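What follows is a set of notes on a single structure, which appears directly below.
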Amino acid sequence: MSNEFRLADGGRIDRDRPVRFDFEGQQLQGYAGDTLASALLANGVHRVATSNKYGRPRGIMAAGAEEPNALVQVEAPFPEPMLPATTVEVRDGLQASGLPGKGRLATEEDPARYDTMHTHCDVLVVGAGPAGLAAALSAARSGARVIVADADTEFGGSLLGSGQTLDGRAATDWVRRTTAELAEHPEVRLLPRTTVFGYYEDNYLVALEHRGDDASSRQRIWRMRAREVVLATGAHERPLVFSGNDRPGIMLAGSARTYVNRYAVLPGRRAVVFTTNDSAYAAAIDLHDAGVEIVAVVDAREVVSTYWASLCVERGIRIHASTGVVSTSGTDRITSAHLSSLGPEGNHPTSVRQVVTCDLLLVSGGWNPAVHLHSQARGSVRFAEDIGAFVPDGTDQAARSAGAVTGVLATGKCLTSGAEAGRDAARAAGFDAELARVPDSKHAPILAARHLWVVPGSGDSDGTTQFVDLARDATVADVRRAVAAGMDNVEHVKRYTTIGTAHDQGKTSGTLSTGVIAEVLGVGVGELGTTTFRAPYTPVTFAALAGRERGDLYDPVRVTAMHDWHVEQGALFENVGQWKRPWYYPHSGEDMETAVLRECYAVRSGVGMQDVSTLGKIDVQGPDAAEFLDLVYTNKMSTLKVGRIRYGLMCTADGMVFDDGTVTRTAEHRYLISTTSGGAANVLAHLEDWLQTEWTHLRVHLTSVTEHWATIALVGPESRQVLADVAPELDVDNDGFGFMTWQEGNVAGVHARVCRISFSGELAFEINVPWWYGREVWEVLMAGGRPYGITPYGTETMHVLRAEKGFPIVGQDTDGTITPHDLGMSWAVSKKKDDFLGKRSFSRPDTARTDRKHLVGLLPEDTNLVLPEGAQIVEQPELGEPPVPMLGHVTSSYRSAVLGSGFALAVVKGGRDRVGETLYSPVGDRPVPVTVTEPVFYDKEGARRDG
Amino acid sequence: MMLIPCPWCGPRNEIEFHYGGQADVRCPADPQAVSDEDWATFLFFRDNPKGVFTERWSHVAGCRRWFTVRRDTDSNRVLPSEGTQQARTVTT
């Protein structure tokens, strides 16, 4: 039955390019230019999917993105779930099947590329139907930079499927000539297959372009900033609500017309047309002329158009006025429509008068302007009584609507309003635009429509088969239930019934549900309004949104000058912000714990080396640098002498620890401060904030120099000897080079700044060289240290070593609720300074409490136990009934080589007053005993610092 | 995606900026002299109007300068500055 329903000629398909595809195991043929839906209809396939709640057979209802029913899973060329068959282009090898509402995501890697484009334009025209094309023409001729985006594979919109004439010739001729002229303008960009799905502040619009599987990228996201926007988004036909209105073979009248004229496909042989307005008559005429038997036109209105009636009479088509389709029969396809006369109000149930055999039922309940983008842009809408739908009613954005979206349905008026909108938009963007001439179109007088929200049915008084939202299987009964439950707001009913929440976001059901709710409540439709329209207009894949920002390109990766060396040595890495830091360097056969214990032992007994280049570095310069640093650090930095270094704590104004690091005075008016690796950007922003907005009188400049200096920590009792060997000019004696001082000199032949700083309690030197020489100096130090068994170590060992000394890590042992006093670091808080950030807050009642959480050490009684970080601390060995009072939690926990046991740092309520007490931590299924200690576990007297 | 007018760099996309909350919240000149309540008000209390709001932004991905913007929080539209605020780039 290949293409049994395809007309012998006509349509916009390419008959020279047949394509073969697979639908549910059936090999079928279509043509280039077909959608999956049109190709299926050409082969007589109407039942495509199964409804997701009731399992009812569902067919093809529409011819575009508004399709609520015909969802398919594409399996080849690449699995994509839940695509409307009406928007899938057929191609050789396409493999698809119908869905019961949800699909299957691909489990294999997507081989396609996705791209992102950023662009600006003077006028963005959304939609390339008659209004959009006319708008683009007016704007383009003025020389404005114009972008025209349309979701369809070719421009023309409704003109492609209506078979009408313009200037006495086929409308598609005008489309072709207009598109060709637009393409000639150097400032015009045409984007077919591109759906504008989001409209954000200040005319920022985002679109998805389907480029196809053969293109260099399958899809592209367009992010566009437009001076002016013309919304020519058209309108969607509204279905009618009657019993059994969901059967395959029931189709929107305008869509059926599109299938005949654009795809040369007959959607049936014997049709009934049910309408409330004039537009469906054109479909009846076109289908009749193409060979479909129109058994009846059923018009809900008492008076029908004489214009259309005469065309019907000529063709022998019978019109039933004041009549409706109240129910249908059929399983996988409609087999008959049941007609009944409708009273003027249409609200009282009527009995079935006539059963008409058919295989196609066309419906038209009027047209819903596609106000989605207008509304996303926070434009308001109003209910237009003449068309029974919501239309744009003003916007604050630089945008205007044109064509069918404004409720104008005649092609001639769409063309004119488009040309005007394009001219006005170009003028508003500063161009001298004129109105483009629009072609003449035949214009039939339009008779008023009847607003018919629910067609009463004698056999379905409770409305359980009167579908409002086919995609969600939601019925009039569901709406009634929602209203009976007290909901009188469309947003509430939407959430209660799920109407409008499916893949189609209620394109066919939105206005309809408002009408049904209004009818149930007995209020005006306009009073209820619409639900909120949100992006995206049609579904967008995450792959497209991600574009190339995935995998290695997801986030910038920062590496140090020595990174390749670490990789060559088999280091494992830890992410610290965007930095890759060596975590530990396992020897073959070592697990993490063994490697870290070995590294720790090497540092404490011999010499180790760590790459600490990632620590943030900020150059602070200016005559007021000292005063500035006194304000931002808790301790005094103005008294620091040139050549010396001081540890400093920074607090925010609320008195909480914000960052810490060292302050090196390099000259009278110049300091180099270090920050935590992850906090560098935040510290700089914090300092700039106060400098620029509160202390504008201070003459200080801040420069990030993190990547100017590669920094190597040389640590351990043997570090002095290693340094002496590679830097013979340097005075490394304790007397000549004291703790917390710095010197400049040659290290391995490279000019370096060497600082005596220790984060482990051991004798240590921090060697700073220009980034470029980082690896060279590192390797010379490694070679020089070999006789001493020098051991490279990573962040994990650094963490253990500093924790043994009770040095907190900001962000690990603190969390924005910890003061310097809570850390037991009152020694770092100046009592002499008049003010500094945080000072005032230390005397706030809450901050001054004595039972705040203090940083303490914990030693588990079981020396083999390493408490999990984050473990809670409680007072009693039995947990008892919840709520169990929590005293605090473990912030750092490791196994120590020098202690021969596990140990932890923790913040515990009143912790400093509990030293020596036994508390408990619920680990596994029982609380384990731990002893509270001072936070310093190793070398309390600091004897190792000077070697 | 708002278009935010940086007084130094011109209009730029919102993602280049860092938000700084309500403007004109001045740190007391002598914090030690204010009451606990007034200090807490400075630290923690901010307006949250629906409508016009004067707020701080920092062009972190550009010139790194802080400046003041008037924005309608309902429509997200940035409004023209008023009078002397036109050229003001800091909240002093």
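By order of appearance in the structure tokens: chains A, B, ..., then residues from 1 within every chain, and ligands from 1 in the order shown.
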
Write down, as a ChimeraX atom specification, each residue of chain A that has any atom within 6 Å of an atom of chain B, counting only C-alpha atoms.
-> /A:200-202,693,840

Selection export as an mmCIF file, in the first residue's frame, atoms kept: N, CA and C atoms:
data_model
loop_
_atom_site.group_PDB
_atom_site.id
_atom_site.type_symbol
_atom_site.label_atom_id
_atom_site.label_comp_id
_atom_site.auth_asym_id
_atom_site.auth_seq_id
_atom_site.Cartn_x
_atom_site.Cartn_y
_atom_site.Cartn_z
ATOM 1 N N TYR A 200 13.814 36.819 26.583
ATOM 2 C CA TYR A 200 14.220 37.281 27.904
ATOM 3 C C TYR A 200 14.391 38.800 27.931
ATOM 4 N N GLU A 201 14.896 39.308 29.064
ATOM 5 C CA GLU A 201 14.976 40.747 29.273
ATOM 6 C C GLU A 201 15.778 41.433 28.168
ATOM 7 N N ASP A 202 15.391 42.675 27.918
ATOM 8 C CA ASP A 202 16.130 43.541 27.009
ATOM 9 C C ASP A 202 16.340 42.911 25.626
ATOM 10 N N THR A 693 33.960 51.252 47.399
ATOM 11 C CA THR A 693 32.673 51.787 47.824
ATOM 12 C C THR A 693 32.677 52.399 49.221
ATOM 13 N N ARG A 840 33.634 45.181 65.136
ATOM 14 C CA ARG A 840 32.424 45.562 65.859
ATOM 15 C C ARG A 840 31.552 44.337 66.168
#

When DSSP works through the backbone of this structure, what residues of region 191-389 of chain A end up as strand (DSSP E), shown as number ranges by chain?
-> A: 191, 194-200, 204-210, 219-231, 235-237, 250-252, 270-275, 293-299, 319-320, 323-329, 336-341, 354-357, 360-364, 367-369, 381-384, 389

Close residues, Gly616 (chain A) itself excluded, 7 Å, only C-alpha atoms, min 6 positions apart in chain, as number ranges by chain = A: 674-677, 680, 706

Resulting file, chosen residues, all heavy atoms, as a compact mmCIF listing (two decimals), in the first residue's frame:
# COMPACT_ATOMS: atom_id res chain seq x y z
N SER A 674 48.82 36.50 50.27
CA SER A 674 48.40 35.22 49.70
C SER A 674 47.01 34.87 50.22
O SER A 674 46.61 35.31 51.31
CB SER A 674 49.40 34.11 50.06
OG SER A 674 49.26 33.75 51.41
N THR A 675 46.27 34.13 49.42
CA THR A 675 44.92 33.71 49.80
C THR A 675 44.83 32.20 49.64
O THR A 675 45.74 31.58 49.08
CB THR A 675 43.85 34.35 48.90
OG1 THR A 675 43.89 33.70 47.61
CG2 THR A 675 44.09 35.84 48.69
N THR A 676 43.73 31.63 50.11
CA THR A 676 43.50 30.21 49.85
C THR A 676 43.35 29.99 48.34
O THR A 676 42.99 30.92 47.61
CB THR A 676 42.21 29.73 50.56
OG1 THR A 676 41.13 30.57 50.14
CG2 THR A 676 42.36 29.83 52.07
N SER A 677 43.63 28.76 47.88
CA SER A 677 43.59 28.49 46.44
C SER A 677 42.20 28.73 45.86
O SER A 677 42.05 29.30 44.79
CB SER A 677 44.00 27.04 46.15
OG SER A 677 45.34 26.86 46.50
N ALA A 680 40.73 32.85 46.04
CA ALA A 680 41.47 33.99 45.50
C ALA A 680 40.55 35.02 44.84
O ALA A 680 40.65 36.23 45.11
CB ALA A 680 42.52 33.50 44.51
N THR A 706 48.58 35.77 40.89
CA THR A 706 48.67 34.34 41.20
C THR A 706 49.52 33.60 40.16
O THR A 706 50.38 32.80 40.50
CB THR A 706 47.25 33.72 41.23
OG1 THR A 706 46.48 34.42 42.21
CG2 THR A 706 47.31 32.24 41.58

Skipping near chain neighbours, those fewer than 6 positions away, what residues fall within 8 Å of Arg670 (chain A) using only C-alpha atoms, listed as a ChimeraX atom specification?
-> /A:619-622,625

Suppose we keep C-alpha atoms; can you now write the selection as a compact mmCIF listing (two decimals), in the first residue's frame?
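Okay, part.txt is ready:
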# COMPACT_ATOMS: atom_id res chain seq x y z
CA ASP A 619 49.89 42.59 44.82
CA VAL A 620 48.77 45.48 47.03
CA GLN A 621 50.38 48.80 46.14
CA GLY A 622 49.94 52.43 47.09
CA ALA A 625 48.44 50.07 51.40

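For the atom pair formed by CA of Val381 (chain A) and CA of Leu79 (chain B), the distance is 23.9 Å, given to one decimal.
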
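Residue nearest Val25 (chain B), chosen from B:Asp47, B:Cys6, B:Arg12, B:Ser81 and counting only C-alpha atoms: B:Asp47.
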
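Among the residues of chain B, backbone DSSP assigns alpha helix (DSSP H) to Asp36, Glu37, Asp38, Trp39, Ala40, Thr41, Phe42, Leu43 and Phe44 of chain B.
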
Filtering to N, CA, C and O atoms, could you give me those residues as a JSON list (two decimals), in the first residue's frame?
[["chain", "number", "residue", "atom", "x", "y", "z"],
["B", 36, "ASP", "N", 24.15, 47.76, 69.27],
["B", 36, "ASP", "CA", 24.09, 46.41, 68.69],
["B", 36, "ASP", "C", 22.97, 46.33, 67.65],
["B", 36, "ASP", "O", 23.12, 45.72, 66.60],
["B", 37, "GLU", "N", 21.85, 46.97, 67.97],
["B", 37, "GLU", "CA", 20.72, 46.89, 67.06],
["B", 37, "GLU", "C", 21.02, 47.60, 65.74],
["B", 37, "GLU", "O", 20.75, 47.06, 64.66],
["B", 38, "ASP", "N", 21.61, 48.78, 65.83],
["B", 38, "ASP", "CA", 21.94, 49.52, 64.61],
["B", 38, "ASP", "C", 23.00, 48.77, 63.79],
["B", 38, "ASP", "O", 22.97, 48.76, 62.56],
["B", 39, "TRP", "N", 23.93, 48.15, 64.50],
["B", 39, "TRP", "CA", 24.96, 47.39, 63.79],
["B", 39, "TRP", "C", 24.34, 46.17, 63.08],
["B", 39, "TRP", "O", 24.66, 45.88, 61.93],
["B", 40, "ALA", "N", 23.42, 45.51, 63.76],
["B", 40, "ALA", "CA", 22.75, 44.36, 63.15],
["B", 40, "ALA", "C", 21.93, 44.80, 61.94],
["B", 40, "ALA", "O", 21.87, 44.11, 60.92],
["B", 41, "THR", "N", 21.33, 45.99, 62.04],
["B", 41, "THR", "CA", 20.56, 46.50, 60.90],
["B", 41, "THR", "C", 21.48, 46.72, 59.71],
["B", 41, "THR", "O", 21.15, 46.35, 58.59],
["B", 42, "PHE", "N", 22.65, 47.28, 59.96],
["B", 42, "PHE", "CA", 23.62, 47.47, 58.88],
["B", 42, "PHE", "C", 24.05, 46.13, 58.28],
["B", 42, "PHE", "O", 24.13, 45.96, 57.06],
["B", 43, "LEU", "N", 24.30, 45.15, 59.15],
["B", 43, "LEU", "CA", 24.81, 43.87, 58.65],
["B", 43, "LEU", "C", 23.77, 43.07, 57.89],
["B", 43, "LEU", "O", 24.07, 42.49, 56.85],
["B", 44, "PHE", "N", 22.57, 43.01, 58.44],
["B", 44, "PHE", "CA", 21.65, 41.96, 57.99],
["B", 44, "PHE", "C", 20.36, 42.45, 57.33],
["B", 44, "PHE", "O", 19.69, 41.66, 56.69]]

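With only C-alpha atoms as the atoms that count, the minimum distance from Asn3 (chain A) to the choices A:Glu24, A:Met740, A:Val265, A:Ala389 is reached by A:Val265.
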
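Restricting the calculation to only C-alpha atoms, the smallest distance between Cys9 (chain B) and any of B:Pro80, B:Thr68, B:Ala61, B:Thr54 is found for B:Ala61.
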
Which is closer to Leu837 (chain A) than all the others in A:Gly811, A:Pro186, A:Gly655, A:Gly93, using only C-alpha atoms?
-> A:Gly655

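The protein and nucleic acid residues lying at most 7 Å from Leu435 (chain A) are Ser138, Ala419, Glu420 and Arg423 of chain A, with only C-alpha atoms considered and sequence neighbours fewer than 6 positions away removed.
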
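Separating CA of Asn261 (chain A) from CA of Gly161 (chain A) is a distance of 5.1 Å.
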
Skipping near chain neighbours, those fewer than 2 positions away, what residues fall within 12 Å of Thr406 (chain A) using only C-alpha atoms, listed as a PyMOL selection string?
-> chain A and resi 131+230-235+367-371+374+381-384+386-387+389-394+400-404+408-410+413-414+417-418+421

Those same residues, written as a short mmCIF file (atom, residue, chain, number, x, y, z; two decimals), in the first residue's frame with N, CA, C and O atoms?
data_model
loop_
_atom_site.label_atom_id
_atom_site.label_comp_id
_atom_site.auth_asym_id
_atom_site.auth_seq_id
_atom_site.Cartn_x
_atom_site.Cartn_y
_atom_site.Cartn_z
N ALA A 131 2.98 37.51 7.34
CA ALA A 131 3.29 38.71 8.11
C ALA A 131 4.80 38.85 8.31
O ALA A 131 5.36 39.95 8.15
N VAL A 230 10.04 41.74 15.80
CA VAL A 230 8.70 41.59 15.23
C VAL A 230 8.27 40.15 15.48
O VAL A 230 8.94 39.21 15.05
N LEU A 231 7.19 40.00 16.23
CA LEU A 231 6.66 38.67 16.50
C LEU A 231 5.57 38.37 15.50
O LEU A 231 4.49 38.95 15.55
N ALA A 232 5.88 37.49 14.54
CA ALA A 232 4.90 37.06 13.55
C ALA A 232 4.75 35.56 13.72
O ALA A 232 5.06 34.78 12.83
N THR A 233 4.34 35.19 14.92
CA THR A 233 4.37 33.78 15.32
C THR A 233 3.11 33.02 14.92
O THR A 233 3.02 31.83 15.17
N GLY A 234 2.13 33.73 14.31
CA GLY A 234 0.98 33.01 13.78
C GLY A 234 -0.01 32.58 14.84
O GLY A 234 -0.08 33.14 15.94
N ALA A 235 -0.78 31.57 14.48
CA ALA A 235 -1.83 31.09 15.37
C ALA A 235 -1.95 29.58 15.24
O ALA A 235 -1.56 29.01 14.22
N TRP A 367 -9.12 29.99 16.28
CA TRP A 367 -7.65 30.08 16.25
C TRP A 367 -7.12 30.75 17.50
O TRP A 367 -7.65 31.77 17.93
N ASN A 368 -6.07 30.15 18.05
CA ASN A 368 -5.39 30.74 19.21
C ASN A 368 -4.12 31.43 18.73
O ASN A 368 -3.18 30.75 18.32
N PRO A 369 -4.06 32.73 18.81
CA PRO A 369 -2.80 33.41 18.48
C PRO A 369 -1.66 32.83 19.33
O PRO A 369 -1.84 32.57 20.52
N ALA A 370 -0.51 32.61 18.71
CA ALA A 370 0.65 32.06 19.43
C ALA A 370 1.34 33.19 20.18
O ALA A 370 2.36 33.72 19.74
N VAL A 371 0.75 33.55 21.32
CA VAL A 371 1.24 34.71 22.10
C VAL A 371 2.39 34.33 23.03
O VAL A 371 2.80 35.12 23.86
N HIS A 374 5.49 36.63 23.12
CA HIS A 374 5.03 37.93 23.61
C HIS A 374 4.83 37.88 25.13
O HIS A 374 5.24 38.78 25.86
N VAL A 381 -1.82 40.18 27.74
CA VAL A 381 -2.76 39.71 26.72
C VAL A 381 -4.17 40.12 27.14
O VAL A 381 -4.44 40.38 28.31
N ARG A 382 -5.06 40.21 26.15
CA ARG A 382 -6.47 40.46 26.46
C ARG A 382 -7.30 39.48 25.67
O ARG A 382 -6.86 38.95 24.63
N PHE A 383 -8.50 39.21 26.17
CA PHE A 383 -9.39 38.28 25.47
C PHE A 383 -10.11 39.04 24.37
O PHE A 383 -10.78 40.05 24.63
N ALA A 384 -9.94 38.57 23.12
CA ALA A 384 -10.62 39.21 21.99
C ALA A 384 -11.91 38.44 21.71
O ALA A 384 -11.87 37.28 21.31
N ASP A 386 -14.05 38.71 19.41
CA ASP A 386 -14.37 38.34 18.03
C ASP A 386 -13.77 37.00 17.63
O ASP A 386 -14.37 36.23 16.89
N ILE A 387 -12.59 36.66 18.14
CA ILE A 387 -12.02 35.37 17.77
C ILE A 387 -12.06 34.39 18.94
O ILE A 387 -11.67 33.23 18.81
N ALA A 389 -10.28 34.31 21.71
CA ALA A 389 -8.94 33.89 22.14
C ALA A 389 -8.18 35.10 22.64
O ALA A 389 -8.65 36.23 22.53
N PHE A 390 -7.00 34.83 23.21
CA PHE A 390 -6.20 35.89 23.80
C PHE A 390 -5.21 36.46 22.77
O PHE A 390 -4.56 35.69 22.05
N VAL A 391 -5.12 37.78 22.73
CA VAL A 391 -4.23 38.44 21.78
C VAL A 391 -3.28 39.37 22.55
O VAL A 391 -3.58 39.77 23.68
N PRO A 392 -2.13 39.72 21.95
CA PRO A 392 -1.18 40.61 22.63
C PRO A 392 -1.82 41.95 22.93
O PRO A 392 -2.63 42.46 22.15
N ASP A 393 -1.46 42.50 24.09
CA ASP A 393 -2.03 43.78 24.49
C ASP A 393 -0.95 44.64 25.12
O ASP A 393 -1.02 44.99 26.28
N GLY A 394 0.05 44.93 24.33
CA GLY A 394 1.09 45.84 24.81
C GLY A 394 2.24 45.12 25.50
O GLY A 394 2.07 44.08 26.10
N ARG A 400 6.95 44.28 18.64
CA ARG A 400 5.59 44.44 18.15
C ARG A 400 5.16 43.14 17.51
O ARG A 400 5.98 42.38 16.99
N SER A 401 3.86 42.88 17.58
CA SER A 401 3.32 41.66 16.99
C SER A 401 2.65 42.01 15.68
O SER A 401 2.16 43.12 15.50
N ALA A 402 2.65 41.04 14.77
CA ALA A 402 2.04 41.28 13.46
C ALA A 402 1.44 39.99 12.94
O ALA A 402 1.95 38.90 13.22
N GLY A 403 0.38 40.11 12.18
CA GLY A 403 -0.23 38.95 11.54
C GLY A 403 -1.18 38.21 12.45
O GLY A 403 -1.79 38.79 13.37
N ALA A 404 -1.28 36.91 12.24
CA ALA A 404 -2.29 36.10 12.92
C ALA A 404 -2.15 36.14 14.43
O ALA A 404 -3.12 35.95 15.16
N VAL A 408 -5.63 38.72 13.70
CA VAL A 408 -6.01 39.00 12.31
C VAL A 408 -5.86 37.71 11.52
O VAL A 408 -4.79 37.11 11.54
N LEU A 409 -6.91 37.26 10.84
CA LEU A 409 -6.82 35.95 10.20
C LEU A 409 -6.77 36.02 8.68
O LEU A 409 -6.24 35.12 8.04
N ALA A 410 -7.26 37.10 8.08
CA ALA A 410 -7.22 37.18 6.61
C ALA A 410 -5.79 37.43 6.14
O ALA A 410 -5.08 38.26 6.72
N LYS A 413 -4.67 41.05 5.46
CA LYS A 413 -4.42 41.87 6.65
C LYS A 413 -3.12 41.45 7.33
O LYS A 413 -2.41 42.28 7.91
N CYS A 414 -2.82 40.16 7.26
CA CYS A 414 -1.55 39.69 7.85
C CYS A 414 -0.38 40.32 7.11
O CYS A 414 0.58 40.79 7.72
N SER A 417 -0.20 44.12 8.04
CA SER A 417 0.27 44.39 9.40
C SER A 417 1.73 44.01 9.54
O SER A 417 2.49 44.64 10.27
N GLY A 418 2.16 42.98 8.77
CA GLY A 418 3.57 42.60 8.80
C GLY A 418 4.44 43.68 8.20
O GLY A 418 5.45 44.09 8.81
N ALA A 421 4.72 46.53 10.58
CA ALA A 421 5.54 46.22 11.76
C ALA A 421 7.02 46.23 11.39
O ALA A 421 7.85 46.73 12.16
#

Residues at most 7 Å from region 140-155 of chain A, counting only C-alpha atoms, excluding those fewer than 2 positions away in the same chain, as a ChimeraX atom specification?
-> /A:121-129,136-138,157,182,185,187-195,426,431-433

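Coordinates place CA of Arg548 (chain A) at a distance of 29.2 Å from CA of Leu36 (chain A).
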